[in-house]
$ cat data.cif   # mmCIF, C-alpha atoms
data_work
loop_
_atom_site.label_atom_id
_atom_site.label_comp_id
_atom_site.auth_asym_id
_atom_site.auth_seq_id
_atom_site.Cartn_x
_atom_site.Cartn_y
_atom_site.Cartn_z
CA MET A 13 -150.75 140.53 87.20
CA ASP A 14 -151.89 137.17 85.84
CA LEU A 15 -150.59 134.69 83.27
CA LYS A 16 -152.67 136.22 80.48
CA GLU A 17 -151.11 139.65 81.09
CA ILE A 18 -147.65 138.12 81.40
CA ARG A 19 -147.98 136.39 78.03
CA ALA A 20 -149.34 139.53 76.34
CA THR A 21 -146.44 141.64 77.60
CA ALA A 22 -143.92 138.96 76.64
CA ARG A 23 -145.37 138.77 73.12
CA GLU A 24 -144.64 142.48 72.65
CA LYS A 25 -141.15 142.37 74.14
CA LEU A 26 -140.17 139.23 72.23
CA LYS A 27 -141.65 140.31 68.89
CA GLY A 28 -139.59 139.03 65.99
CA PHE A 29 -137.85 136.43 68.16
CA CYS A 30 -140.60 134.44 69.90
CA ARG A 31 -144.26 134.24 68.93
CA VAL A 32 -145.34 133.17 72.44
CA CYS A 33 -147.43 130.42 70.87
CA PRO A 34 -150.43 128.94 72.71
CA VAL A 35 -148.33 125.79 73.07
CA CYS A 36 -144.55 126.21 72.98
CA ASP A 37 -143.80 123.17 70.82
CA GLY A 38 -141.11 124.34 68.39
CA ARG A 39 -143.14 124.11 65.18
CA ALA A 40 -143.40 127.84 64.40
CA CYS A 41 -139.74 128.54 65.20
CA ALA A 42 -138.14 125.44 63.66
CA GLY A 43 -134.58 126.15 62.54
CA GLU A 44 -134.43 129.57 64.20
CA VAL A 45 -131.03 129.36 65.86
CA PRO A 46 -129.97 131.99 66.87
CA GLY A 47 -133.48 132.61 68.11
CA MET A 48 -135.79 130.45 70.18
CA GLY A 49 -136.18 127.42 67.93
CA GLY A 50 -134.62 124.03 67.51
CA VAL A 51 -131.66 123.49 65.22
CA GLY A 52 -132.16 122.25 61.65
CA THR A 53 -135.63 120.79 61.16
CA GLY A 54 -136.49 121.57 64.77
CA LYS A 55 -137.49 117.94 65.35
CA ALA A 56 -135.30 117.48 68.44
CA PHE A 57 -137.12 120.36 70.17
CA GLN A 58 -140.50 119.03 69.04
CA GLU A 59 -139.65 115.48 70.06
CA ASN A 60 -139.24 116.55 73.68
CA LEU A 61 -142.95 117.38 73.76
CA ARG A 62 -143.99 114.37 71.68
CA ALA A 63 -142.08 112.03 73.96
CA LEU A 64 -143.86 113.40 77.02
CA SER A 65 -147.24 113.27 75.29
CA ARG A 66 -146.86 109.55 74.65
CA TYR A 67 -147.16 108.94 78.39
CA LYS A 68 -150.53 109.18 80.14
CA LEU A 69 -151.40 109.29 83.83
CA ASN A 70 -153.48 106.59 85.50
CA LEU A 71 -156.32 108.33 87.37
CA ARG A 72 -156.66 106.89 90.90
CA THR A 73 -158.90 108.26 93.64
CA ILE A 74 -159.38 105.37 96.08
CA HIS A 75 -156.39 105.98 98.32
CA GLY A 76 -155.30 107.78 101.46
CA VAL A 77 -153.39 110.72 99.97
CA LYS A 78 -155.05 113.91 101.21
CA GLU A 79 -152.22 116.45 101.10
CA PRO A 80 -149.28 115.56 98.80
CA ASP A 81 -145.78 116.53 99.95
CA LEU A 82 -144.00 118.46 97.18
CA SER A 83 -140.91 119.39 99.20
CA PHE A 84 -137.49 118.39 97.92
CA GLU A 85 -133.85 118.84 98.85
CA LEU A 86 -131.05 119.53 96.38
CA PHE A 87 -127.49 119.52 97.73
CA GLY A 88 -128.74 120.32 101.22
CA VAL A 89 -131.04 123.15 100.14
CA LYS A 90 -134.75 122.58 100.78
CA VAL A 91 -137.11 123.75 98.03
CA SER A 92 -140.88 123.83 97.66
CA MET A 93 -140.89 121.42 94.71
CA PRO A 94 -138.37 119.56 92.52
CA VAL A 95 -138.72 122.09 89.69
CA PHE A 96 -135.96 124.50 88.72
CA ALA A 97 -135.38 127.23 86.12
CA ALA A 98 -133.03 125.99 83.39
CA PRO A 99 -129.77 127.84 82.54
CA ILE A 100 -130.40 130.31 79.71
CA THR A 101 -128.48 133.30 78.30
CA GLY A 102 -128.37 135.27 75.06
CA THR A 103 -131.26 137.66 75.60
CA THR A 104 -129.93 140.02 72.92
CA TYR A 105 -129.29 137.70 69.98
CA ASN A 106 -131.87 135.03 70.89
CA MET A 107 -134.67 137.14 72.39
CA GLY A 108 -134.40 140.64 70.98
CA GLY A 109 -132.78 142.45 73.91
CA ALA A 110 -135.83 143.94 75.66
CA LEU A 111 -134.17 142.54 78.79
CA THR A 112 -130.41 142.46 79.23
CA ASP A 113 -128.81 139.21 80.37
CA GLU A 114 -128.27 140.80 83.76
CA GLU A 115 -131.93 141.81 84.07
CA TYR A 116 -133.07 138.40 82.87
CA SER A 117 -130.81 136.45 85.24
CA LEU A 118 -131.89 138.51 88.23
CA ALA A 119 -135.59 138.12 87.37
CA VAL A 120 -135.25 134.34 87.08
CA VAL A 121 -133.10 133.88 90.18
CA GLU A 122 -135.28 136.11 92.35
CA GLY A 123 -138.55 134.81 90.89
CA SER A 124 -137.53 131.21 91.52
CA LEU A 125 -136.72 132.01 95.14
CA LEU A 126 -140.07 133.76 95.55
CA ALA A 127 -141.68 130.49 94.42
CA GLY A 128 -139.59 128.58 96.95
CA THR A 129 -137.16 126.99 94.51
CA LEU A 130 -133.88 127.66 92.68
CA ALA A 131 -132.64 128.82 89.29
CA PHE A 132 -129.73 127.60 87.23
CA THR A 133 -127.92 130.39 85.37
CA GLY A 134 -126.08 130.05 82.08
CA ASP A 135 -123.00 130.90 80.07
CA GLY A 136 -122.78 132.23 76.53
CA ALA A 137 -120.75 133.60 73.67
CA ASP A 138 -120.37 136.99 75.31
CA PRO A 139 -118.23 136.48 78.46
CA THR A 140 -120.41 138.96 80.36
CA MET A 141 -123.37 136.54 80.14
CA TYR A 142 -121.89 134.15 82.66
CA GLY A 143 -121.05 137.09 84.90
CA SER A 144 -124.66 138.26 84.80
CA GLY A 145 -125.79 135.01 86.35
CA LEU A 146 -123.07 135.16 89.00
CA LYS A 147 -124.13 138.70 89.97
CA ALA A 148 -127.69 137.52 90.45
CA ILE A 149 -126.60 134.51 92.51
CA LYS A 150 -124.32 136.64 94.67
CA LYS A 151 -127.18 139.08 95.32
CA VAL A 152 -129.27 136.24 96.77
CA GLU A 153 -126.40 134.89 98.88
CA GLY A 154 -125.49 131.96 96.69
CA LYS A 155 -128.95 130.48 96.19
CA GLY A 156 -128.48 129.52 92.55
CA ILE A 157 -126.46 127.19 90.33
CA PRO A 158 -124.21 128.51 87.53
CA ILE A 159 -123.69 126.26 84.50
CA ILE A 160 -120.64 126.71 82.24
CA LYS A 161 -120.22 125.92 78.55
CA PRO A 162 -117.75 123.13 77.62
CA ARG A 163 -114.90 125.54 76.95
CA ALA A 164 -111.17 124.87 77.24
CA GLN A 165 -110.24 123.27 80.56
CA GLU A 166 -108.55 126.35 81.99
CA GLU A 167 -111.52 128.55 81.02
CA ILE A 168 -113.98 126.23 82.77
CA ILE A 169 -111.87 126.04 85.93
CA LYS A 170 -111.52 129.82 85.96
CA ARG A 171 -115.32 130.13 85.88
CA ILE A 172 -115.68 127.49 88.59
CA ARG A 173 -113.50 129.63 90.85
CA GLU A 174 -115.77 132.60 90.15
CA ALA A 175 -118.80 130.47 91.04
CA GLU A 176 -117.17 129.44 94.31
CA GLU A 177 -116.64 133.10 95.21
CA THR A 178 -120.39 133.78 94.94
CA GLY A 179 -121.21 131.04 97.45
CA ALA A 180 -123.21 129.10 94.85
CA ILE A 181 -124.62 125.81 96.13
CA ALA A 182 -123.30 123.84 93.13
CA VAL A 183 -121.74 124.32 89.70
CA GLY A 184 -121.82 122.45 86.43
CA VAL A 185 -121.13 122.20 82.71
CA ASP A 186 -123.76 121.81 79.99
CA ILE A 187 -121.68 119.39 77.99
CA ASP A 188 -124.53 119.17 75.44
CA GLY A 189 -123.55 122.70 74.38
CA ALA A 190 -120.46 121.29 72.65
CA GLY A 191 -121.79 122.06 69.18
CA LEU A 192 -123.66 125.30 69.80
CA LEU A 193 -123.90 127.35 66.62
CA THR A 194 -124.12 130.65 68.49
CA MET A 195 -120.85 129.98 70.33
CA ALA A 196 -119.09 129.22 67.05
CA LEU A 197 -120.47 132.37 65.44
CA LYS A 198 -119.08 134.48 68.28
CA GLY A 199 -115.61 132.89 68.24
CA GLN A 200 -115.98 131.09 71.57
CA PRO A 201 -114.71 127.51 71.08
CA VAL A 202 -116.54 124.67 72.81
CA SER A 203 -116.05 120.94 72.37
CA PRO A 204 -116.80 117.47 73.73
CA LYS A 205 -114.73 116.26 76.71
CA THR A 206 -112.89 113.02 77.39
CA LEU A 207 -113.63 111.20 80.63
CA GLU A 208 -110.24 112.33 81.93
CA GLU A 209 -111.09 115.94 81.17
CA VAL A 210 -114.44 115.65 82.92
CA MET A 211 -112.72 114.15 85.96
CA GLU A 212 -110.21 116.99 86.02
CA ILE A 213 -113.06 119.53 86.04
CA VAL A 214 -115.07 117.69 88.71
CA ASN A 215 -112.02 117.30 90.92
CA SER A 216 -111.14 120.98 90.63
CA THR A 217 -113.90 121.99 93.06
CA ARG A 218 -115.52 120.93 96.32
CA LEU A 219 -118.89 122.14 95.10
CA PRO A 220 -121.36 119.48 93.98
CA PHE A 221 -120.83 119.13 90.23
CA ILE A 222 -123.58 118.72 87.61
CA LEU A 223 -123.19 117.38 84.07
CA LYS A 224 -126.04 118.66 81.91
CA GLY A 225 -126.77 117.05 78.57
CA ILE A 226 -126.65 113.31 79.24
CA MET A 227 -128.80 111.29 76.82
CA THR A 228 -127.45 107.72 77.01
CA PRO A 229 -127.03 105.20 79.87
CA ASP A 230 -123.32 104.71 79.19
CA GLU A 231 -122.59 108.44 79.51
CA ALA A 232 -124.70 108.53 82.69
CA GLU A 233 -122.40 105.83 84.08
CA LEU A 234 -119.36 107.85 83.00
CA ALA A 235 -120.76 110.84 84.91
CA VAL A 236 -120.98 108.67 88.02
CA GLN A 237 -117.44 107.41 87.40
CA ALA A 238 -116.18 110.98 87.04
CA GLY A 239 -117.59 111.89 90.45
CA ALA A 240 -120.42 114.19 89.35
CA LYS A 241 -123.19 114.56 91.92
CA ALA A 242 -125.98 115.10 89.38
CA ILE A 243 -126.79 114.81 85.70
CA VAL A 244 -129.41 116.56 83.62
CA VAL A 245 -131.00 114.35 80.99
CA SER A 246 -131.34 116.89 78.18
CA ASN A 247 -130.85 117.41 74.45
CA HIS A 248 -130.25 121.13 75.07
CA GLY A 249 -133.79 121.99 74.06
CA GLY A 250 -133.10 120.62 70.60
CA ARG A 251 -130.68 123.47 69.91
CA THR A 252 -127.48 121.54 69.19
CA LEU A 253 -128.14 118.24 67.36
CA ASP A 254 -131.14 117.64 65.09
CA GLU A 255 -133.08 114.36 65.16
CA THR A 256 -132.34 113.38 68.76
CA PRO A 257 -134.96 111.56 70.84
CA GLY A 258 -136.91 113.40 73.50
CA ALA A 259 -135.65 113.39 77.07
CA ALA A 260 -138.69 111.41 78.28
CA ASP A 261 -137.88 108.55 75.89
CA VAL A 262 -134.31 108.03 77.12
CA LEU A 263 -134.87 108.82 80.80
CA PRO A 264 -136.18 105.38 81.88
CA GLU A 265 -133.12 103.49 80.59
CA ILE A 266 -130.79 106.05 82.16
CA ALA A 267 -132.63 105.81 85.48
CA ALA A 268 -132.47 102.01 85.31
CA ARG A 269 -128.68 102.26 85.11
CA VAL A 270 -127.80 105.02 87.62
CA LYS A 271 -130.82 105.74 89.87
CA GLY A 272 -129.59 106.01 93.45
CA LYS A 273 -125.98 106.51 92.39
CA ILE A 274 -126.41 110.12 91.26
CA THR A 275 -129.14 112.77 91.32
CA ILE A 276 -131.07 112.65 88.05
CA LEU A 277 -132.59 115.86 86.73
CA ALA A 278 -134.44 116.05 83.41
CA ASP A 279 -135.05 118.92 81.01
CA GLY A 280 -137.07 119.07 77.81
CA GLY A 281 -140.59 120.04 76.80
CA VAL A 282 -142.03 120.51 80.30
CA ARG A 283 -145.13 122.71 79.99
CA SER A 284 -147.21 121.75 83.03
CA GLY A 285 -147.18 120.17 86.46
CA VAL A 286 -148.52 117.01 84.81
CA ASP A 287 -145.35 116.90 82.68
CA VAL A 288 -143.26 117.25 85.84
CA LEU A 289 -145.01 114.28 87.42
CA LYS A 290 -144.50 112.19 84.28
CA LEU A 291 -140.74 112.80 84.35
CA LEU A 292 -140.57 111.96 88.06
CA ALA A 293 -142.43 108.71 87.35
CA LEU A 294 -139.97 107.96 84.53
CA GLY A 295 -137.03 108.18 86.92
CA ALA A 296 -136.08 111.82 87.39
CA ASP A 297 -135.47 113.25 90.86
CA GLY A 298 -136.12 116.79 89.65
CA VAL A 299 -137.04 118.76 86.55
CA LEU A 300 -135.80 121.90 84.76
CA ILE A 301 -137.99 124.26 82.71
CA GLY A 302 -136.55 126.53 80.01
CA ARG A 303 -138.49 128.45 77.37
CA PRO A 304 -141.67 129.09 79.43
CA ILE A 305 -139.47 130.74 82.06
CA ILE A 306 -138.23 133.14 79.36
CA VAL A 307 -141.82 134.16 78.59
CA ALA A 308 -142.55 134.60 82.30
CA ALA A 309 -139.45 136.75 82.88
CA PHE A 310 -139.99 138.96 79.84
CA GLY A 311 -143.68 139.28 80.63
CA GLY A 312 -143.49 139.98 84.34
CA GLY A 313 -139.96 140.00 85.70
CA ALA A 314 -139.37 138.19 88.99
CA GLU A 315 -143.08 138.30 89.80
CA GLY A 316 -143.90 136.74 86.44
CA VAL A 317 -141.48 133.89 87.10
CA LYS A 318 -143.00 133.38 90.55
CA ILE A 319 -146.55 133.30 89.16
CA TYR A 320 -145.60 130.82 86.46
CA LEU A 321 -143.78 128.48 88.85
CA GLU A 322 -146.66 128.63 91.31
CA LYS A 323 -148.95 127.50 88.47
CA ILE A 324 -146.66 124.53 87.89
CA LYS A 325 -146.69 123.74 91.61
CA LYS A 326 -150.50 123.83 91.75
CA GLU A 327 -150.77 121.53 88.73
CA LEU A 328 -148.21 119.13 90.18
CA ARG A 329 -150.07 118.94 93.48
CA GLU A 330 -153.37 118.24 91.72
CA ALA A 331 -151.80 115.55 89.53
CA MET A 332 -150.29 113.87 92.60
CA LEU A 333 -153.63 113.95 94.41
CA LEU A 334 -155.40 112.32 91.46
CA THR A 335 -152.81 109.58 90.97
CA GLY A 336 -152.33 108.70 94.62
CA VAL A 337 -148.78 110.00 94.96
CA ALA A 338 -147.97 111.08 98.52
CA ARG A 339 -144.44 112.46 98.03
CA VAL A 340 -142.43 113.78 95.08
CA THR A 341 -139.47 111.78 96.34
CA GLU A 342 -141.43 108.53 95.89
CA VAL A 343 -143.22 108.62 92.55
CA PRO A 344 -143.92 105.09 91.28
CA GLY A 345 -143.66 104.23 87.60
CA THR A 346 -147.05 102.55 87.86
CA ILE A 347 -148.88 105.90 87.69
CA ILE A 348 -148.09 106.23 83.98
CA ARG A 349 -148.73 104.19 80.87
CA LYS A 350 -147.17 104.60 77.45
CA GLU A 351 -149.28 104.71 74.31
CA GLN A 352 -148.72 101.81 71.92
#
$ encode --input "data.cif" --output "structure tokens"
Amino acid sequence: MDLKEIRATAREKLKGFCRVCPVCDGRACAGEVPGMGGVGTGKAFQENLRALSRYKLNLRTIHGVKEPDLSFELFGVKVSMPVFAAPITGTTYNMGGALTDEEYSLAVVEGSLLAGTLAFTGDGADPTMYGSGLKAIKKVEGKGIPIIKPRAQEEIIKRIREAEETGAIAVGVDIDGAGLLTMALKGQPVSPKTLEEVMEIVNSTRLPFILKGIMTPDEAELAVQAGAKAIVVSNHGGRTLDETPGAADVLPEIAARVKGKITILADGGVRSGVDVLKLLALGADGVLIGRPIIVAAFGGGAEGVKIYLEKIKKELREAMLLTGVARVTEVPGTIIRKEQ
């Protein structure tokens, strides 16, 4: 099995829902929500890639880096690289149903582990979707991170308790899912949270807590104040609010405000190991990848996810070698330059 075969198989299984474009940039699927696209004009999805493309790497080869160190630790768990599968559900109404949510979650969780890293699992309009991720995490003895939609307080805390029972290494809420169209269509209310509500959720568990969907420095500071251990800088793949900036454009100002106070993860438009290195240079500690993982899982199951993530790892290593970066935990901002 190789990436070409994986993509060909995925194209068949995702027919009518994802075109498996040569570059997954959101242009062909603009407005397709439910589906794989970005909401409205699709510009928020597309801007994630544009924002990353505006940064270039400075090629440097006169240095002493011979074998870059890609290893990383998240909440005490050592991984092969700071790259994780993003939380995704809705395989039936967003992806055509060739894989069930349970099959998809297991493929992503197991495939990520085969590549030496971890997967985040998601929550959705059908209550069984969250359970599918928990089953997969339980099967691998807790080596995964469930993310919950911003539901009513009692519903979130109930799901946190379920996450704790699986032995998950952390838990979180994708607060950027507050306006999800698919949740509204299925009668599952979600909403923004006050700082007090966030604090109540964070304090309800001893697990490290992650707030996904932070796009401004002030909300990053509120996450720190609430006691969260990590944030994910993300516009939810452009699926909730149209016309938002790309994650790469807001990441530097967020990092300037909270770097060192909280773990900073970033999610949006990552398509290569070069993109991973750019986000690390912009201030992220780690990176999440979404839609390409869907293609890998539909095209090759756990093995497909492993093959795709190993490609990312190889590209990241090469980019580090050619920019003089010795360790992923120490990526200087000087390796990138922004186009004028």
$ residues_around --input "data.cif" --residues "A:Met141" --least-positions-apart "3" --cutoff "10 Å" --atoms "all atoms listed in the file" --output "list in words"
Ile100, Thr101, Gly102, Thr103, Thr112, Asp113, Glu114, Ser117, Thr133, Gly134, Asp135, Gly136, Ala137, Asp138, Ser144, Gly145 and Leu146 of chain A
$ atom_distance --input "data.cif" --atom1 "atom CA of A:Tyr67" --atom2 "atom CA of A:Ala267"
16.5 Å
$ resolve_selection --input "data.cif" --expression "the PyMOL selection byres ((chain A and resi 123) around 7)" --output "mmCIF file with C-alpha atoms, in the coordinates of the input"
data_model
loop_
_atom_site.group_PDB
_atom_site.id
_atom_site.type_symbol
_atom_site.label_atom_id
_atom_site.label_comp_id
_atom_site.auth_asym_id
_atom_site.auth_seq_id
_atom_site.Cartn_x
_atom_site.Cartn_y
_atom_site.Cartn_z
ATOM 1 C CA ALA A 119 -135.590 138.120 87.370
ATOM 2 C CA VAL A 120 -135.250 134.340 87.080
ATOM 3 C CA VAL A 121 -133.100 133.880 90.180
ATOM 4 C CA GLU A 122 -135.280 136.110 92.350
ATOM 5 C CA SER A 124 -137.530 131.210 91.520
ATOM 6 C CA LEU A 125 -136.720 132.010 95.140
ATOM 7 C CA LEU A 126 -140.070 133.760 95.550
ATOM 8 C CA ALA A 127 -141.680 130.490 94.420
ATOM 9 C CA ALA A 314 -139.370 138.190 88.990
ATOM 10 C CA GLU A 315 -143.080 138.300 89.800
ATOM 11 C CA VAL A 317 -141.480 133.890 87.100
ATOM 12 C CA LYS A 318 -143.000 133.380 90.550
#
$ closest_residue --input "data.cif" --among "A:Val51, A:Val245, A:Ala97, A:Met107" --to "A:Tyr320" --atoms "all atoms listed in the file"
A:Ala97
$ closest_atom_pairs --input "data.cif" --of "stretch 32-145 of chain A" --to "stretch 16-25 of chain A" --cutoff "12 Å" --atoms "all atoms listed in the file" --output "Markdown table"
| residue | atom | partner | partner_atom | distance |
| --- | --- | --- | --- | --- |
| A:Val32 | CA | A:Arg23 | CA | 5.6 |
| A:Cys33 | CA | A:Arg23 | CA | 8.9 |
| A:Pro34 | CA | A:Arg19 | CA | 9.5 |
| A:Val35 | CA | A:Arg19 | CA | 11.7 |
| A:Cys36 | CA | A:Arg19 | CA | 11.9 |
| A:Thr103 | CA | A:Lys25 | CA | 11.1 |
| A:Thr104 | CA | A:Lys25 | CA | 11.5 |
| A:Met107 | CA | A:Lys25 | CA | 8.5 |
| A:Gly108 | CA | A:Lys25 | CA | 7.7 |
| A:Gly109 | CA | A:Lys25 | CA | 8.4 |
| A:Ala110 | CA | A:Lys25 | CA | 5.8 |
| A:Leu111 | CA | A:Lys25 | CA | 8.4 |
| A:Thr112 | CA | A:Lys25 | CA | 11.9 |
$ closest_residue --input "data.cif" --among "A:Arg39, A:Arg303, A:Arg251, A:Arg66" --to "A:Arg283" --atoms "all atoms listed in the file"
A:Arg303
$ atom_distance --input "data.cif" --atom1 "atom CA of A:Gly258" --atom2 "atom CA of A:Val282"
11.1 Å
$ atom_distance --input "data.cif" --atom1 "atom CA of A:Tyr105" --atom2 "atom CA of A:Asp186"
19.6 Å
$ residues_around --input "data.cif" --residues "stretch 76-81 of chain A" --least-positions-apart "6" --cutoff "8 Å" --atoms "all atoms listed in the file" --output "list in words"
Arg329, Met332, Leu333, Gly336, Val337, Ala338, Arg339 and Val340 of chain A
$ residues_around --input "data.cif" --residues "stretch 159-176 of chain A" --least-positions-apart "6" --cutoff "10 Å" --atoms "all atoms listed in the file" --output "number ranges by chain"
A: 98-100, 132-137, 142-143, 145-147, 149-150, 182-192, 195, 200-205, 209-210, 212-214, 216-219, 221-224
$ closest_residue --input "data.cif" --among "A:Pro229, A:Gly250, A:Gly281, A:Pro304" --to "A:Leu321" --atoms "all atoms listed in the file"
A:Pro304
$ closest_residue --input "data.cif" --among "A:Gly298, A:Pro257, A:Pro220, A:Pro46" --to "A:Met93" --atoms "all atoms listed in the file"
A:Gly298
$ residues_around --input "data.cif" --residues "stretch 342-352 of chain A" --least-positions-apart "3" --cutoff "12 Å" --atoms "all atoms listed in the file" --output "PyMOL selection string"
chain A and resi 62-73+80-84+94+260-261+264+267-268+286-298+328+331-339
$ build_atoms --input "data.cif" --residues "stretch 29-37 of chain A" --atoms "all heavy atoms" --output "mmCIF file, in the coordinates of the input"
data_model
loop_
_atom_site.group_PDB
_atom_site.id
_atom_site.type_symbol
_atom_site.label_atom_id
_atom_site.label_comp_id
_atom_site.auth_asym_id
_atom_site.auth_seq_id
_atom_site.Cartn_x
_atom_site.Cartn_y
_atom_site.Cartn_z
ATOM 1 N N PHE A 29 -138.751 137.473 67.665
ATOM 2 C CA PHE A 29 -137.850 136.430 68.160
ATOM 3 C C PHE A 29 -138.607 135.238 68.751
ATOM 4 O O PHE A 29 -138.144 134.117 68.662
ATOM 5 C CB PHE A 29 -136.901 137.011 69.224
ATOM 6 C CG PHE A 29 -135.899 137.954 68.646
ATOM 7 C CD1 PHE A 29 -136.224 139.289 68.406
ATOM 8 C CD2 PHE A 29 -134.628 137.513 68.307
ATOM 9 C CE1 PHE A 29 -135.310 140.163 67.851
ATOM 10 C CE2 PHE A 29 -133.706 138.384 67.752
ATOM 11 C CZ PHE A 29 -134.041 139.707 67.514
ATOM 12 N N CYS A 30 -139.757 135.501 69.348
ATOM 13 C CA CYS A 30 -140.600 134.440 69.900
ATOM 14 C C CYS A 30 -142.044 134.845 69.721
ATOM 15 O O CYS A 30 -142.418 135.978 70.052
ATOM 16 C CB CYS A 30 -140.291 134.216 71.379
ATOM 17 S SG CYS A 30 -141.369 133.000 72.179
ATOM 18 N N ARG A 31 -142.852 133.932 69.207
ATOM 19 C CA ARG A 31 -144.260 134.240 68.930
ATOM 20 C C ARG A 31 -145.152 134.026 70.150
ATOM 21 O O ARG A 31 -146.332 134.354 70.113
ATOM 22 C CB ARG A 31 -144.747 133.379 67.756
ATOM 23 C CG ARG A 31 -143.965 133.667 66.458
ATOM 24 C CD ARG A 31 -143.999 132.466 65.525
ATOM 25 N NE ARG A 31 -143.192 132.682 64.320
ATOM 26 C CZ ARG A 31 -141.884 132.462 64.238
ATOM 27 N NH1 ARG A 31 -141.208 132.046 65.302
ATOM 28 N NH2 ARG A 31 -141.231 132.665 63.121
ATOM 29 N N VAL A 32 -144.571 133.497 71.226
ATOM 30 C CA VAL A 32 -145.340 133.170 72.440
ATOM 31 C C VAL A 32 -146.591 132.383 72.032
ATOM 32 O O VAL A 32 -147.724 132.782 72.267
ATOM 33 C CB VAL A 32 -145.682 134.424 73.270
ATOM 34 C CG1 VAL A 32 -146.264 134.035 74.627
ATOM 35 C CG2 VAL A 32 -144.447 135.299 73.481
ATOM 36 N N CYS A 33 -146.348 131.260 71.388
ATOM 37 C CA CYS A 33 -147.430 130.420 70.870
ATOM 38 C C CYS A 33 -148.301 129.875 71.998
ATOM 39 O O CYS A 33 -147.846 129.749 73.137
ATOM 40 C CB CYS A 33 -146.844 129.245 70.080
ATOM 41 S SG CYS A 33 -145.854 129.749 68.651
ATOM 42 N N PRO A 34 -149.553 129.537 71.693
ATOM 43 C CA PRO A 34 -150.430 128.940 72.710
ATOM 44 C C PRO A 34 -149.808 127.714 73.364
ATOM 45 O O PRO A 34 -149.938 127.501 74.562
ATOM 46 C CB PRO A 34 -151.694 128.582 71.921
ATOM 47 C CG PRO A 34 -151.720 129.571 70.801
ATOM 48 C CD PRO A 34 -150.273 129.780 70.426
ATOM 49 N N VAL A 35 -149.125 126.902 72.546
ATOM 50 C CA VAL A 35 -148.330 125.790 73.070
ATOM 51 C C VAL A 35 -146.924 125.944 72.514
ATOM 52 O O VAL A 35 -146.731 125.978 71.300
ATOM 53 C CB VAL A 35 -148.912 124.425 72.654
ATOM 54 C CG1 VAL A 35 -148.009 123.304 73.168
ATOM 55 C CG2 VAL A 35 -150.322 124.248 73.178
ATOM 56 N N CYS A 36 -145.946 126.046 73.395
ATOM 57 C CA CYS A 36 -144.550 126.210 72.980
ATOM 58 C C CYS A 36 -144.013 124.840 72.576
ATOM 59 O O CYS A 36 -143.483 124.087 73.397
ATOM 60 C CB CYS A 36 -143.743 126.805 74.130
ATOM 61 S SG CYS A 36 -141.985 126.960 73.798
ATOM 62 N N ASP A 37 -144.169 124.508 71.275
ATOM 63 C CA ASP A 37 -143.800 123.170 70.820
ATOM 64 C C ASP A 37 -142.743 123.143 69.720
ATOM 65 O O ASP A 37 -142.404 122.083 69.203
ATOM 66 C CB ASP A 37 -145.041 122.410 70.345
ATOM 67 C CG ASP A 37 -145.771 123.102 69.200
ATOM 68 O OD1 ASP A 37 -145.222 124.070 68.628
ATOM 69 O OD2 ASP A 37 -146.895 122.668 68.874
#
